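Student: What follows is data_12.pdb, made up of PDB, C-alpha atoms and all ligand atoms:
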```
ATOM      1  CA  MET A  17      17.797   5.892  19.779  1.00  0.00           C
ATOM      2  CA  MET A  18      15.740   2.736  20.129  1.00  0.00           C
ATOM      3  CA  ILE A  19      15.871  -0.271  17.827  1.00  0.00           C
ATOM      4  CA  ARG A  20      13.126  -2.854  18.208  1.00  0.00           C
ATOM      5  CA  VAL A  21      10.683  -5.113  16.410  1.00  0.00           C
ATOM      6  CA  LEU A  22       7.843  -3.169  14.779  1.00  0.00           C
ATOM      7  CA  THR A  23       4.308  -3.457  16.022  1.00  0.00           C
ATOM      8  CA  LYS A  24       1.409  -3.982  13.656  1.00  0.00           C
ATOM      9  CA  LYS A  25       0.265  -0.407  14.260  1.00  0.00           C
ATOM     10  CA  GLU A  26       3.644   0.894  13.009  1.00  0.00           C
ATOM     11  CA  LEU A  27       3.557  -1.112   9.822  1.00  0.00           C
ATOM     12  CA  HIS A  28       1.982   1.613   7.711  1.00  0.00           C
ATOM     13  CA  ARG A  29       4.724   4.114   8.652  1.00  0.00           C
ATOM     14  CA  ALA A  30       7.404   1.491   7.986  1.00  0.00           C
ATOM     15  CA  LYS A  31       5.919   0.779   4.580  1.00  0.00           C
ATOM     16  CA  SER A  32       5.936   4.479   3.642  1.00  0.00           C
ATOM     17  CA  LEU A  33       9.583   4.788   4.655  1.00  0.00           C
ATOM     18  CA  ALA A  34      10.515   1.675   2.665  1.00  0.00           C
ATOM     19  CA  GLN A  35       8.569   2.976  -0.308  1.00  0.00           C
ATOM     20  CA  GLU A  36      10.254   6.369  -0.170  1.00  0.00           C
ATOM     21  CA  TYR A  37      13.827   5.158   0.337  1.00  0.00           C
ATOM     22  CA  LEU A  38      13.846   1.807  -1.404  1.00  0.00           C
ATOM     23  CA  GLY A  39      11.162   2.250  -4.042  1.00  0.00           C
ATOM     24  CA  ALA A  40      10.299  -1.160  -2.762  1.00  0.00           C
ATOM     25  CA  ASP A  41       7.948  -3.647  -4.277  1.00  0.00           C
ATOM     26  CA  LEU A  42       5.870  -3.891  -1.154  1.00  0.00           C
ATOM     27  CA  GLY A  43       3.492  -6.541  -2.419  1.00  0.00           C
ATOM     28  CA  ARG A  44       4.749  -9.085   0.080  1.00  0.00           C
ATOM     29  CA  PHE A  45       5.466  -6.661   2.933  1.00  0.00           C
ATOM     30  CA  SER A  46       2.284  -7.193   4.963  1.00  0.00           C
ATOM     31  CA  VAL A  47       2.079 -10.898   4.192  1.00  0.00           C
ATOM     32  CA  MET A  48       5.645 -11.462   5.317  1.00  0.00           C
ATOM     33  CA  PHE A  49       5.124  -9.322   8.411  1.00  0.00           C
ATOM     34  CA  GLU A  50       2.258 -11.612   9.408  1.00  0.00           C
ATOM     35  CA  ALA A  51       4.494 -14.658   8.906  1.00  0.00           C
ATOM     36  CA  TYR A  52       7.797 -13.324  10.331  1.00  0.00           C
ATOM     37  CA  PRO A  53       7.154 -10.234  12.484  1.00  0.00           C
ATOM     38  CA  GLU A  54      10.523 -10.760  14.242  1.00  0.00           C
ATOM     39  CA  LEU A  55      12.268  -9.746  11.010  1.00  0.00           C
ATOM     40  CA  PHE A  56      10.577  -6.354  10.701  1.00  0.00           C
ATOM     41  CA  ILE A  57      12.689  -3.915  12.665  1.00  0.00           C
ATOM     42  CA  GLY A  58      12.338  -0.211  13.309  1.00  0.00           C
ATOM     43  CA  CYS A  59      14.820   2.426  14.425  1.00  0.00           C
ATOM     44  CA  PHE A  60      13.232   5.194  16.494  1.00  0.00           C
ATOM     45  CA  ILE A  61      14.281   8.547  17.850  1.00  0.00           C
ATOM     46  CA  SER A  62      11.812   9.967  20.363  1.00  0.00           C
ATOM     47  CA  GLU A  63       9.159   7.554  19.089  1.00  0.00           C
ATOM     48  CA  GLU A  64       9.654   8.787  15.535  1.00  0.00           C
ATOM     49  CA  LEU A  65      10.448   6.045  13.043  1.00  0.00           C
ATOM     50  CA  ILE A  66      13.676   6.998  11.254  1.00  0.00           C
ATOM     51  CA  GLY A  67      14.786   3.621   9.900  1.00  0.00           C
ATOM     52  CA  VAL A  68      13.578   0.191   8.885  1.00  0.00           C
ATOM     53  CA  ALA A  69      15.098  -3.191   8.126  1.00  0.00           C
ATOM     54  CA  TYR A  70      13.036  -6.162   7.057  1.00  0.00           C
ATOM     55  CA  GLY A  71      13.257  -9.523   5.389  1.00  0.00           C
ATOM     56  CA  TYR A  72      12.130 -13.100   5.444  1.00  0.00           C
ATOM     57  CA  PRO A  73      13.491 -16.641   5.217  1.00  0.00           C
ATOM     58  CA  TYR A  74      14.906 -17.420   1.838  1.00  0.00           C
ATOM     59  CA  PHE A  75      13.291 -20.844   1.603  1.00  0.00           C
ATOM     60  CA  THR A  76      10.106 -19.048   0.623  1.00  0.00           C
ATOM     61  CA  VAL A  77      11.813 -18.319  -2.731  1.00  0.00           C
ATOM     62  CA  ARG A  78      14.734 -20.771  -2.811  1.00  0.00           C
ATOM     63  CA  PRO A  79      13.973 -24.032  -1.028  1.00  0.00           C
ATOM     64  CA  LYS A  80      17.576 -25.231  -1.328  1.00  0.00           C
ATOM     65  CA  GLU A  81      18.867 -22.282   0.724  1.00  0.00           C
ATOM     66  CA  ALA A  82      16.802 -22.901   3.820  1.00  0.00           C
ATOM     67  CA  HIS A  83      19.458 -21.676   6.266  1.00  0.00           C
ATOM     68  CA  LYS A  84      19.388 -18.137   4.851  1.00  0.00           C
ATOM     69  CA  VAL A  85      17.326 -15.045   5.542  1.00  0.00           C
ATOM     70  CA  LEU A  86      16.906 -12.436   2.842  1.00  0.00           C
ATOM     71  CA  LEU A  87      17.403  -8.845   3.964  1.00  0.00           C
ATOM     72  CA  GLN A  88      14.812  -7.377   1.641  1.00  0.00           C
ATOM     73  CA  GLY A  89      15.364  -3.766   2.590  1.00  0.00           C
ATOM     74  CA  ILE A  90      17.178  -1.423   4.961  1.00  0.00           C
ATOM     75  CA  ALA A  91      16.947   2.350   5.116  1.00  0.00           C
ATOM     76  CA  ILE A  92      17.786   5.206   7.442  1.00  0.00           C
ATOM     77  CA  ARG A  93      16.297   8.624   6.806  1.00  0.00           C
ATOM     78  CA  TRP A  94      18.852  10.938   5.132  1.00  0.00           C
ATOM     79  CA  ASP A  95      18.747  13.434   7.976  1.00  0.00           C
ATOM     80  CA  TYR A  96      19.865  10.689  10.398  1.00  0.00           C
ATOM     81  CA  ALA A  97      22.270   8.820   8.107  1.00  0.00           C
ATOM     82  CA  ARG A  98      26.024   8.331   8.294  1.00  0.00           C
ATOM     83  CA  ALA A  99      26.165   8.195  12.079  1.00  0.00           C
ATOM     84  CA  GLY A 100      26.332   4.433  12.591  1.00  0.00           C
ATOM     85  CA  ARG A 101      22.569   3.903  12.885  1.00  0.00           C
ATOM     86  CA  GLY A 102      22.254   1.742   9.751  1.00  0.00           C
ATOM     87  CA  SER A 103      24.991  -0.548  11.050  1.00  0.00           C
ATOM     88  CA  LYS A 104      23.271  -0.876  14.451  1.00  0.00           C
ATOM     89  CA  LEU A 105      19.971  -1.616  12.734  1.00  0.00           C
ATOM     90  CA  LEU A 106      21.639  -4.261  10.608  1.00  0.00           C
ATOM     91  CA  GLN A 107      23.251  -5.799  13.697  1.00  0.00           C
ATOM     92  CA  PHE A 108      19.854  -6.010  15.380  1.00  0.00           C
ATOM     93  CA  PHE A 109      18.400  -7.672  12.276  1.00  0.00           C
ATOM     94  CA  GLU A 110      21.272 -10.201  12.287  1.00  0.00           C
ATOM     95  CA  ASP A 111      20.650 -10.994  15.963  1.00  0.00           C
ATOM     96  CA  GLN A 112      17.016 -11.678  15.149  1.00  0.00           C
ATOM     97  CA  VAL A 113      18.077 -13.975  12.300  1.00  0.00           C
ATOM     98  CA  VAL A 114      20.224 -16.009  14.710  1.00  0.00           C
ATOM     99  CA  LYS A 115      17.439 -16.119  17.307  1.00  0.00           C
ATOM    100  CA  LEU A 116      15.135 -17.626  14.682  1.00  0.00           C
ATOM    101  CA  GLY A 117      17.715 -20.358  14.024  1.00  0.00           C
ATOM    102  CA  PHE A 118      19.074 -19.184  10.657  1.00  0.00           C
ATOM    103  CA  SER A 119      22.789 -18.741   9.997  1.00  0.00           C
ATOM    104  CA  VAL A 120      23.230 -16.562   6.906  1.00  0.00           C
ATOM    105  CA  VAL A 121      21.922 -13.182   5.745  1.00  0.00           C
ATOM    106  CA  THR A 122      21.767 -12.755   1.989  1.00  0.00           C
ATOM    107  CA  LEU A 123      20.890  -9.592   0.060  1.00  0.00           C
ATOM    108  CA  GLY A 124      21.083  -7.885  -3.303  1.00  0.00           C
ATOM    109  CA  SER A 125      22.920  -4.593  -2.833  1.00  0.00           C
ATOM    110  CA  ALA A 126      22.146  -1.301  -4.510  1.00  0.00           C
ATOM    111  CA  GLU A 127      25.144   0.099  -6.386  1.00  0.00           C
ATOM    112  CA  GLY A 128      27.571   2.744  -5.167  1.00  0.00           C
ATOM    113  CA  TYR A 129      28.169   3.683  -1.533  1.00  0.00           C
ATOM    114  CA  VAL A 130      25.683   1.046  -0.331  1.00  0.00           C
ATOM    115  CA  GLU A 131      28.203  -1.613  -1.319  1.00  0.00           C
ATOM    116  CA  ARG A 132      30.682   0.018   1.036  1.00  0.00           C
ATOM    117  CA  PHE A 133      28.057  -0.039   3.785  1.00  0.00           C
ATOM    118  CA  TYR A 134      27.780  -3.825   3.521  1.00  0.00           C
ATOM    119  CA  LEU A 135      31.543  -4.323   3.216  1.00  0.00           C
ATOM    120  CA  LYS A 136      32.032  -2.249   6.352  1.00  0.00           C
ATOM    121  CA  ASN A 137      29.570  -4.570   8.078  1.00  0.00           C
ATOM    122  CA  ASN A 138      31.588  -7.636   7.039  1.00  0.00           C
ATOM    123  CA  TYR A 139      29.416  -8.849   4.174  1.00  0.00           C
ATOM    124  CA  GLU A 140      31.124 -10.700   1.336  1.00  0.00           C
ATOM    125  CA  PRO A 141      30.229 -10.673  -2.336  1.00  0.00           C
ATOM    126  CA  VAL A 142      29.061 -14.145  -3.392  1.00  0.00           C
ATOM    127  CA  SER A 143      27.756 -13.422  -6.887  1.00  0.00           C
ATOM    128  CA  TYR A 144      26.868 -10.859  -9.496  1.00  0.00           C
ATOM    129  CA  ARG A 145      23.194 -10.525 -10.308  1.00  0.00           C
ATOM    130  CA  ILE A 146      23.189  -9.590 -13.987  1.00  0.00           C
ATOM    131  CA  CYS A 147      20.023  -8.245 -15.499  1.00  0.00           C
ATOM    132  CA  ILE A 148      19.822  -8.563 -19.271  1.00  0.00           C
ATOM    133  CA  ARG A 149      17.007  -7.217 -21.368  1.00  0.00           C
ATOM    134  CA  GLY A 150      15.247  -9.786 -23.494  1.00  0.00           C
ATOM    135  CA  ASP A 151      15.977 -13.403 -23.962  1.00  0.00           C
ATOM    136  CA  TRP A 152      19.599 -14.481 -24.083  1.00  0.00           C
ATOM    137  CA  ASP A 153      19.473 -17.699 -26.067  1.00  0.00           C
ATOM    138  CA  ASN A 154      22.212 -20.221 -25.439  1.00  0.00           C
ATOM    139  CA  ILE A 155      23.492 -18.162 -22.580  1.00  0.00           C
ATOM    140  CA  ARG A 156      25.692 -20.908 -21.230  1.00  0.00           C
ATOM    141  CA  LYS A 157      27.467 -21.238 -24.591  1.00  0.00           C
ATOM    142  CA  GLN A 158      27.921 -17.497 -24.985  1.00  0.00           C
ATOM    143  CA  ALA A 159      29.096 -16.917 -21.425  1.00  0.00           C
ATOM    144  CA  GLY A 160      32.670 -17.806 -22.301  1.00  0.00           C
ATOM    145  CA  ASP A 161      34.859 -18.065 -19.220  1.00  0.00           C
ATOM    146  CA  TYR A 162      32.127 -16.942 -16.866  1.00  0.00           C
ATOM    147  CA  SER A 163      30.654 -19.819 -14.914  1.00  0.00           C
ATOM    148  CA  ILE A 164      26.907 -19.498 -14.557  1.00  0.00           C
ATOM    149  CA  LEU A 165      25.412 -20.241 -11.145  1.00  0.00           C
ATOM    150  CA  GLN A 166      21.813 -19.732 -12.151  1.00  0.00           C
ATOM    151  CA  ILE A 167      19.614 -18.325 -14.914  1.00  0.00           C
ATOM    152  CA  MET A 168      16.076 -17.074 -14.358  1.00  0.00           C
ATOM    153  CA  ARG A 169      13.458 -15.321 -16.433  1.00  0.00           C
ATOM    154  CA  GLU A 170      11.707 -12.339 -14.895  1.00  0.00           C
ATOM    155  CA  GLY A 171       9.126 -11.118 -17.369  1.00  0.00           C
ATOM    156  CA  GLU A 172      10.988  -9.584 -20.304  1.00  0.00           C
ATOM    157  CA  ARG A 173      14.340  -9.872 -18.560  1.00  0.00           C
ATOM    158  CA  THR A 174      16.872 -12.611 -18.070  1.00  0.00           C
ATOM    159  CA  ILE A 175      18.656 -12.704 -14.719  1.00  0.00           C
ATOM    160  CA  VAL A 176      22.032 -14.438 -14.619  1.00  0.00           C
ATOM    161  CA  TYR A 177      24.070 -15.153 -11.488  1.00  0.00           C
ATOM    162  CA  VAL A 178      27.843 -15.384 -11.865  1.00  0.00           C
ATOM    163  CA  PRO A 179      30.404 -15.772  -9.044  1.00  0.00           C
ATOM    164  CA  PRO A 180      33.022 -13.058  -8.571  1.00  0.00           C
ATOM    165  CA  ARG A 181      36.517 -14.294  -9.337  1.00  0.00           C
ATOM    166  CA  GLY A 182      38.098 -12.566  -6.401  1.00  0.00           C
ATOM    167  CA  GLY A 183      36.180 -10.599  -3.811  1.00  0.00           C
ATOM    168  CA  TYR A 184      34.857  -7.082  -4.264  1.00  0.00           C
ATOM    169  CA  ASN A 185      36.238  -5.634  -7.471  1.00  0.00           C
ATOM    170  CA  LEU A 186      34.576  -2.741  -9.297  1.00  0.00           C
ATOM    171  CA  ALA A 187      36.741  -3.192 -12.399  1.00  0.00           C
ATOM    172  CA  GLU A 188      35.557  -6.783 -12.682  1.00  0.00           C
ATOM    173  CA  LYS A 189      31.984  -5.656 -12.124  1.00  0.00           C
ATOM    174  CA  GLU A 190      32.273  -3.221 -15.044  1.00  0.00           C
ATOM    175  CA  ALA A 191      33.811  -5.950 -17.216  1.00  0.00           C
ATOM    176  CA  VAL A 192      30.844  -8.198 -16.392  1.00  0.00           C
ATOM    177  CA  ARG A 193      28.431  -5.391 -17.267  1.00  0.00           C
ATOM    178  CA  THR A 194      30.100  -4.843 -20.636  1.00  0.00           C
ATOM    179  CA  PHE A 195      30.476  -8.526 -21.478  1.00  0.00           C
ATOM    180  CA  PHE A 196      26.805  -9.296 -20.867  1.00  0.00           C
ATOM    181  CA  GLY A 197      25.537  -5.949 -22.204  1.00  0.00           C
ATOM    182  CA  ALA A 198      23.671  -5.787 -18.905  1.00  0.00           C
ATOM    183  CA  ASP A 199      21.073  -3.212 -17.934  1.00  0.00           C
ATOM    184  CA  GLU A 200      22.073  -3.670 -14.320  1.00  0.00           C
ATOM    185  CA  VAL A 201      24.701  -5.553 -12.326  1.00  0.00           C
ATOM    186  CA  ASN A 202      24.386  -5.839  -8.580  1.00  0.00           C
ATOM    187  CA  TYR A 203      26.421  -7.640  -5.976  1.00  0.00           C
ATOM    188  CA  ILE A 204      24.755 -10.333  -3.924  1.00  0.00           C
ATOM    189  CA  PHE A 205      26.334 -10.079  -0.484  1.00  0.00           C
ATOM    190  CA  GLU A 206      26.172 -12.634   2.283  1.00  0.00           C
ATOM    191  CA  LYS A 207      27.292 -12.881   5.881  1.00  0.00           C
ATOM    192  CA  GLN A 208      27.779 -16.080   7.822  1.00  0.00           C
ATOM    193  CA  LEU A 209      26.478 -15.428  11.318  1.00  0.00           C
ATOM    194  CA  GLN A 210      27.479 -18.509  13.270  1.00  0.00           C
TER
HETATM  195  C1  LIG B   1      22.501   2.270   3.360  1.00  0.00           C
HETATM  196  C2  LIG B   1      22.031   2.975   4.623  1.00  0.00           C
HETATM  197  C3  LIG B   1      20.956   2.116   5.320  1.00  0.00           C
HETATM  198  C4  LIG B   1      23.219   3.146   5.564  1.00  0.00           C
HETATM  199  O1  LIG B   1      22.786   3.702   6.800  1.00  0.00           O
HETATM  200  P1  LIG B   1      23.738   4.673   7.656  1.00  0.00           P
HETATM  201  O2  LIG B   1      23.124   4.884   8.978  1.00  0.00           O
HETATM  202  O3  LIG B   1      24.013   5.888   6.862  1.00  0.00           O
HETATM  203  O4  LIG B   1      25.053   3.771   7.747  1.00  0.00           O
HETATM  204  P2  LIG B   1      26.271   3.845   8.792  1.00  0.00           P
HETATM  205  O5  LIG B   1      26.370   5.233   9.355  1.00  0.00           O
HETATM  206  O6  LIG B   1      26.120   2.725   9.760  1.00  0.00           O
HETATM  207  O7  LIG B   1      27.501   3.586   7.805  1.00  0.00           O
HETATM  208  C5  LIG B   1      28.440   2.561   7.995  1.00  0.00           C
HETATM  209  C6  LIG B   1      29.474   2.644   6.893  1.00  0.00           C
HETATM  210  O8  LIG B   1      28.850   2.501   5.608  1.00  0.00           O
HETATM  211  C7  LIG B   1      29.522   3.332   4.635  1.00  0.00           C
HETATM  212  N1  LIG B   1      28.619   4.415   4.204  1.00  0.00           N
HETATM  213  C8  LIG B   1      27.375   4.647   4.647  1.00  0.00           C
HETATM  214  N2  LIG B   1      26.846   5.709   3.991  1.00  0.00           N
HETATM  215  C9  LIG B   1      27.776   6.136   3.127  1.00  0.00           C
HETATM  216  C10 LIG B   1      27.833   7.195   2.170  1.00  0.00           C
HETATM  217  N3  LIG B   1      26.802   8.017   1.970  1.00  0.00           N
HETATM  218  N4  LIG B   1      28.961   7.333   1.412  1.00  0.00           N
HETATM  219  C11 LIG B   1      30.000   6.512   1.590  1.00  0.00           C
HETATM  220  N5  LIG B   1      30.026   5.494   2.492  1.00  0.00           N
HETATM  221  C12 LIG B   1      28.928   5.310   3.245  1.00  0.00           C
HETATM  222  C13 LIG B   1      30.718   3.943   5.385  1.00  0.00           C
HETATM  223  O9  LIG B   1      31.798   3.050   5.248  1.00  0.00           O
HETATM  224  C14 LIG B   1      30.215   3.958   6.819  1.00  0.00           C
HETATM  225  O10 LIG B   1      31.232   3.964   7.766  1.00  0.00           O
HETATM  226  P3  LIG B   1      31.968   5.352   8.157  1.00  0.00           P
HETATM  227  O11 LIG B   1      30.875   6.355   8.416  1.00  0.00           O
HETATM  228  O12 LIG B   1      32.748   4.987   9.383  1.00  0.00           O
HETATM  229  O13 LIG B   1      32.819   5.708   6.992  1.00  0.00           O
HETATM  230  C15 LIG B   1      21.462   4.392   4.310  1.00  0.00           C
HETATM  231  O14 LIG B   1      22.444   5.168   3.659  1.00  0.00           O
HETATM  232  C16 LIG B   1      20.206   4.394   3.459  1.00  0.00           C
HETATM  233  O15 LIG B   1      19.108   4.300   3.967  1.00  0.00           O
HETATM  234  N6  LIG B   1      20.330   4.498   2.106  1.00  0.00           N
HETATM  235  C17 LIG B   1      19.175   4.592   1.219  1.00  0.00           C
HETATM  236  C18 LIG B   1      18.432   3.291   1.101  1.00  0.00           C
HETATM  237  C19 LIG B   1      19.302   2.178   0.521  1.00  0.00           C
HETATM  238  O16 LIG B   1      19.890   2.336  -0.526  1.00  0.00           O
HETATM  239  N7  LIG B   1      19.325   1.037   1.245  1.00  0.00           N
HETATM  240  C20 LIG B   1      20.090  -0.139   0.855  1.00  0.00           C
HETATM  241  C21 LIG B   1      19.360  -0.962  -0.139  1.00  0.00           C
HETATM  242  S1  LIG B   1      20.296  -2.383  -0.668  1.00  0.00           S
END
```
Just dump the structure as structure tokens.
Tutor:
Amino acid sequence: MMIRVLTKKELHRAKSLAQEYLGADLGRFSVMFEAYPELFIGCFISEELIGVAYGYPYFTVRPKEAHKVLLQGIAIRWDYARAGRGSKLLQFFEDQVVKLGFSVVTLGSAEGYVERFYLKNNYEPVSYRICIRGDWDNIRKQAGDYSILQIMREGERTIVYVPPRGGYNLAEKEAVRTFFGADEVNYIFEKQLQ
């Protein structure tokens, strides 16, 4: 197995893999590759691409969090999964992040076993990303005991960020989902690298 930075020629294959496994919005993929090629990593077996990890500095979306890199996507083909390759790919990505002078990886996790993948790799939950359909008027007033870190509009949806009260807790996550009547609740995980 070989893990290395992708070349421009491999970008099309990497995009297809990301599309297939992450259903990714790949609008920014090529643009970000041009800007930060060091953060586009491939995992190869006999020259065949079987995994990708990619991201970009967070300041491009959140200027106040300039020390962070967003892991936008990571995937290992099913037929090669669950053998430690995803963790090695993630480690390589983290090393690249440090080399570029950043100190934190941040990401929005898919639900289910993927959460356990990040926990196993020493990521910590820093907030819930709560996706609510429509416009939640007076959200701060209605949020009760939940402290709101941030509220954003994304088209028809309202996205609310709330800190977890105590680490990774699926019962709390379900309570958050019910309280907000959320379409989706995802953990934001982060790892301090240095
Ligand atoms: C998430 C993903 C990249 C993990 O890659 P991987 O090579 O299978 O991961 P690893 O073998 O390094 O797994 C490390 C740990 O993660 C957890 N894990 C990974 N896959 C798991 C599964 N299917 N079920 C339960 N736990 C799992 C386990 O704790 C595992 O350690 P263990 O095997 O010692 O129990 C891969 O499953 C994948 O591509 N999934 C589809 C795309 C996706 O959802 N990406 C994440 C988007 S946020």
Student: Could you list, as a VMD selection string, every residue within 7 Å of Ile175 of chain A, counting only C-alpha atoms and ignoring same-chain residues fewer than 6 positions away?
Tutor: chain A and resid 145 to 148 167 to 169
Student: Write the residues of the preceding selection, restricted to C-alpha atoms, as a compact mmCIF listing (two decimals), in the coordinates of the input.
Tutor:
```txt
# COMPACT_ATOMS: atom_id res chain seq x y z
CA ARG A 145 23.19 -10.52 -10.31
CA ILE A 146 23.19 -9.59 -13.99
CA CYS A 147 20.02 -8.24 -15.50
CA ILE A 148 19.82 -8.56 -19.27
CA ILE A 167 19.61 -18.32 -14.91
CA MET A 168 16.08 -17.07 -14.36
CA ARG A 169 13.46 -15.32 -16.43
```
Student: Report as JSON lines the residues of chain A within 10 Å of ligand LIG 1 (chain B), each with its shortest atom pair and distance in Å (one decimal), using all atoms listed in the file, ordered by chain and increasing residue number.
Tutor:
```
{"residue": "A:Leu33", "atom": "CA", "partner": "B:LIG1", "partner_atom": "O15", "distance": 9.6}
{"residue": "A:Ala34", "atom": "CA", "partner": "B:LIG1", "partner_atom": "C18", "distance": 8.2}
{"residue": "A:Gln35", "atom": "CA", "partner": "B:LIG1", "partner_atom": "C18", "distance": 10.0}
{"residue": "A:Glu36", "atom": "CA", "partner": "B:LIG1", "partner_atom": "C18", "distance": 8.8}
{"residue": "A:Tyr37", "atom": "CA", "partner": "B:LIG1", "partner_atom": "C18", "distance": 5.0}
{"residue": "A:Leu38", "atom": "CA", "partner": "B:LIG1", "partner_atom": "C18", "distance": 5.4}
{"residue": "A:Gly39", "atom": "CA", "partner": "B:LIG1", "partner_atom": "C18", "distance": 9.0}
{"residue": "A:Ala40", "atom": "CA", "partner": "B:LIG1", "partner_atom": "C21", "distance": 9.4}
{"residue": "A:Ile66", "atom": "CA", "partner": "B:LIG1", "partner_atom": "O15", "distance": 9.5}
{"residue": "A:Gly67", "atom": "CA", "partner": "B:LIG1", "partner_atom": "O15", "distance": 7.4}
{"residue": "A:Val68", "atom": "CA", "partner": "B:LIG1", "partner_atom": "C3", "distance": 8.4}
{"residue": "A:Ala69", "atom": "CA", "partner": "B:LIG1", "partner_atom": "C3", "distance": 8.4}
{"residue": "A:Leu87", "atom": "CA", "partner": "B:LIG1", "partner_atom": "S1", "distance": 8.5}
{"residue": "A:Gln88", "atom": "CA", "partner": "B:LIG1", "partner_atom": "S1", "distance": 7.8}
{"residue": "A:Gly89", "atom": "CA", "partner": "B:LIG1", "partner_atom": "C21", "distance": 5.6}
{"residue": "A:Ile90", "atom": "CA", "partner": "B:LIG1", "partner_atom": "N7", "distance": 4.9}
{"residue": "A:Ala91", "atom": "CA", "partner": "B:LIG1", "partner_atom": "O15", "distance": 3.1}
{"residue": "A:Ile92", "atom": "CA", "partner": "B:LIG1", "partner_atom": "O15", "distance": 3.8}
{"residue": "A:Arg93", "atom": "CA", "partner": "B:LIG1", "partner_atom": "O15", "distance": 5.9}
{"residue": "A:Trp94", "atom": "CA", "partner": "B:LIG1", "partner_atom": "O15", "distance": 6.7}
{"residue": "A:Asp95", "atom": "CA", "partner": "B:LIG1", "partner_atom": "O3", "distance": 9.3}
{"residue": "A:Tyr96", "atom": "CA", "partner": "B:LIG1", "partner_atom": "O2", "distance": 6.8}
{"residue": "A:Ala97", "atom": "CA", "partner": "B:LIG1", "partner_atom": "O3", "distance": 3.6}
{"residue": "A:Arg98", "atom": "CA", "partner": "B:LIG1", "partner_atom": "O5", "distance": 3.3}
{"residue": "A:Ala99", "atom": "CA", "partner": "B:LIG1", "partner_atom": "O5", "distance": 4.0}
{"residue": "A:Gly100", "atom": "CA", "partner": "B:LIG1", "partner_atom": "O6", "distance": 3.3}
{"residue": "A:Arg101", "atom": "CA", "partner": "B:LIG1", "partner_atom": "O2", "distance": 4.1}
{"residue": "A:Gly102", "atom": "CA", "partner": "B:LIG1", "partner_atom": "O2", "distance": 3.4}
{"residue": "A:Ser103", "atom": "CA", "partner": "B:LIG1", "partner_atom": "O6", "distance": 3.7}
{"residue": "A:Lys104", "atom": "CA", "partner": "B:LIG1", "partner_atom": "O6", "distance": 6.6}
{"residue": "A:Leu105", "atom": "CA", "partner": "B:LIG1", "partner_atom": "O6", "distance": 8.1}
{"residue": "A:Leu106", "atom": "CA", "partner": "B:LIG1", "partner_atom": "C3", "distance": 8.3}
{"residue": "A:Gln107", "atom": "CA", "partner": "B:LIG1", "partner_atom": "O6", "distance": 9.8}
{"residue": "A:Leu123", "atom": "CA", "partner": "B:LIG1", "partner_atom": "S1", "distance": 7.3}
{"residue": "A:Gly124", "atom": "CA", "partner": "B:LIG1", "partner_atom": "S1", "distance": 6.2}
{"residue": "A:Ser125", "atom": "CA", "partner": "B:LIG1", "partner_atom": "S1", "distance": 4.1}
{"residue": "A:Ala126", "atom": "CA", "partner": "B:LIG1", "partner_atom": "S1", "distance": 4.4}
{"residue": "A:Glu127", "atom": "CA", "partner": "B:LIG1", "partner_atom": "S1", "distance": 7.9}
{"residue": "A:Gly128", "atom": "CA", "partner": "B:LIG1", "partner_atom": "C11", "distance": 8.1}
{"residue": "A:Tyr129", "atom": "CA", "partner": "B:LIG1", "partner_atom": "C11", "distance": 4.6}
{"residue": "A:Val130", "atom": "CA", "partner": "B:LIG1", "partner_atom": "C1", "distance": 5.0}
{"residue": "A:Glu131", "atom": "CA", "partner": "B:LIG1", "partner_atom": "C7", "distance": 7.9}
{"residue": "A:Arg132", "atom": "CA", "partner": "B:LIG1", "partner_atom": "C7", "distance": 5.0}
{"residue": "A:Phe133", "atom": "CA", "partner": "B:LIG1", "partner_atom": "O8", "distance": 3.2}
{"residue": "A:Tyr134", "atom": "CA", "partner": "B:LIG1", "partner_atom": "O8", "distance": 6.7}
{"residue": "A:Leu135", "atom": "CA", "partner": "B:LIG1", "partner_atom": "O9", "distance": 7.7}
{"residue": "A:Lys136", "atom": "CA", "partner": "B:LIG1", "partner_atom": "O9", "distance": 5.4}
{"residue": "A:Asn137", "atom": "CA", "partner": "B:LIG1", "partner_atom": "C5", "distance": 7.2}
{"residue": "A:Asn202", "atom": "CA", "partner": "B:LIG1", "partner_atom": "S1", "distance": 9.6}
{"residue": "A:Tyr203", "atom": "CA", "partner": "B:LIG1", "partner_atom": "S1", "distance": 9.7}
{"residue": "A:Ile204", "atom": "CA", "partner": "B:LIG1", "partner_atom": "S1", "distance": 9.7}
{"residue": "A:Phe205", "atom": "CA", "partner": "B:LIG1", "partner_atom": "S1", "distance": 9.8}
```
Student: Which residue is closest to Leu209 of chain A? Choose from A:Pro141, A:Pro79, A:Gly117, A:Gly182 and count all atoms listed in the file.
Tutor: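 Of A:Pro141, A:Pro79, A:Gly117, A:Gly182, the one nearest Leu209 of chain A is A:Gly117, counting all atoms listed in the file.
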Student: Could you check the closest approach to Phe109 of chain A for each of A:His83, A:Lys157, A:Arg29, A:Arg20 and tell me which residue wins, using all atoms listed in the file?
Tutor: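 The shortest atom-to-atom distance to Phe109 of chain A comes from A:Arg20.
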Student: Applying 12 Å and all atoms listed in the file, which residues near Glu190 of chain A remain after dropping the ones on its own chain fewer than 5 positions away? List them as a VMD selection string.
Tutor: chain A and resid 127 144 146 180 184 to 185 195 to 203
Student: Rounded to one decimal, what separation in Å do you get between atom CA of Gly150 of chain A and atom CA of Ile164 of chain A?
Tutor: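 Between these atoms lies a distance of 17.6 Å.
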Student: Which distance in Å separates atom CA of Asp41 of chain A and atom CA of Tyr72 of chain A, to one decimal?
Tutor: 14.2 Å
Student: I need the residue nearest Arg44 of chain A from this list: A:Val121, A:Val77, A:Leu22, A:Ala159. Use all atoms listed in the file for the distance.
Tutor: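 The answer is A:Val77, which sits nearest to Arg44 of chain A.
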Student: Starting from 6 Å padding per side, set up an axis-aligned box that covers all listed atoms of segment 91-106 of chain A and hand over centre and edge lengths in Å, one decimal, as AutoDock Vina command-line options.
Tutor:
```
--center_x 21.3 --center_y 4.6 --center_z 9.8 --size_x 22.0 --size_y 29.7 --size_z 21.3
```
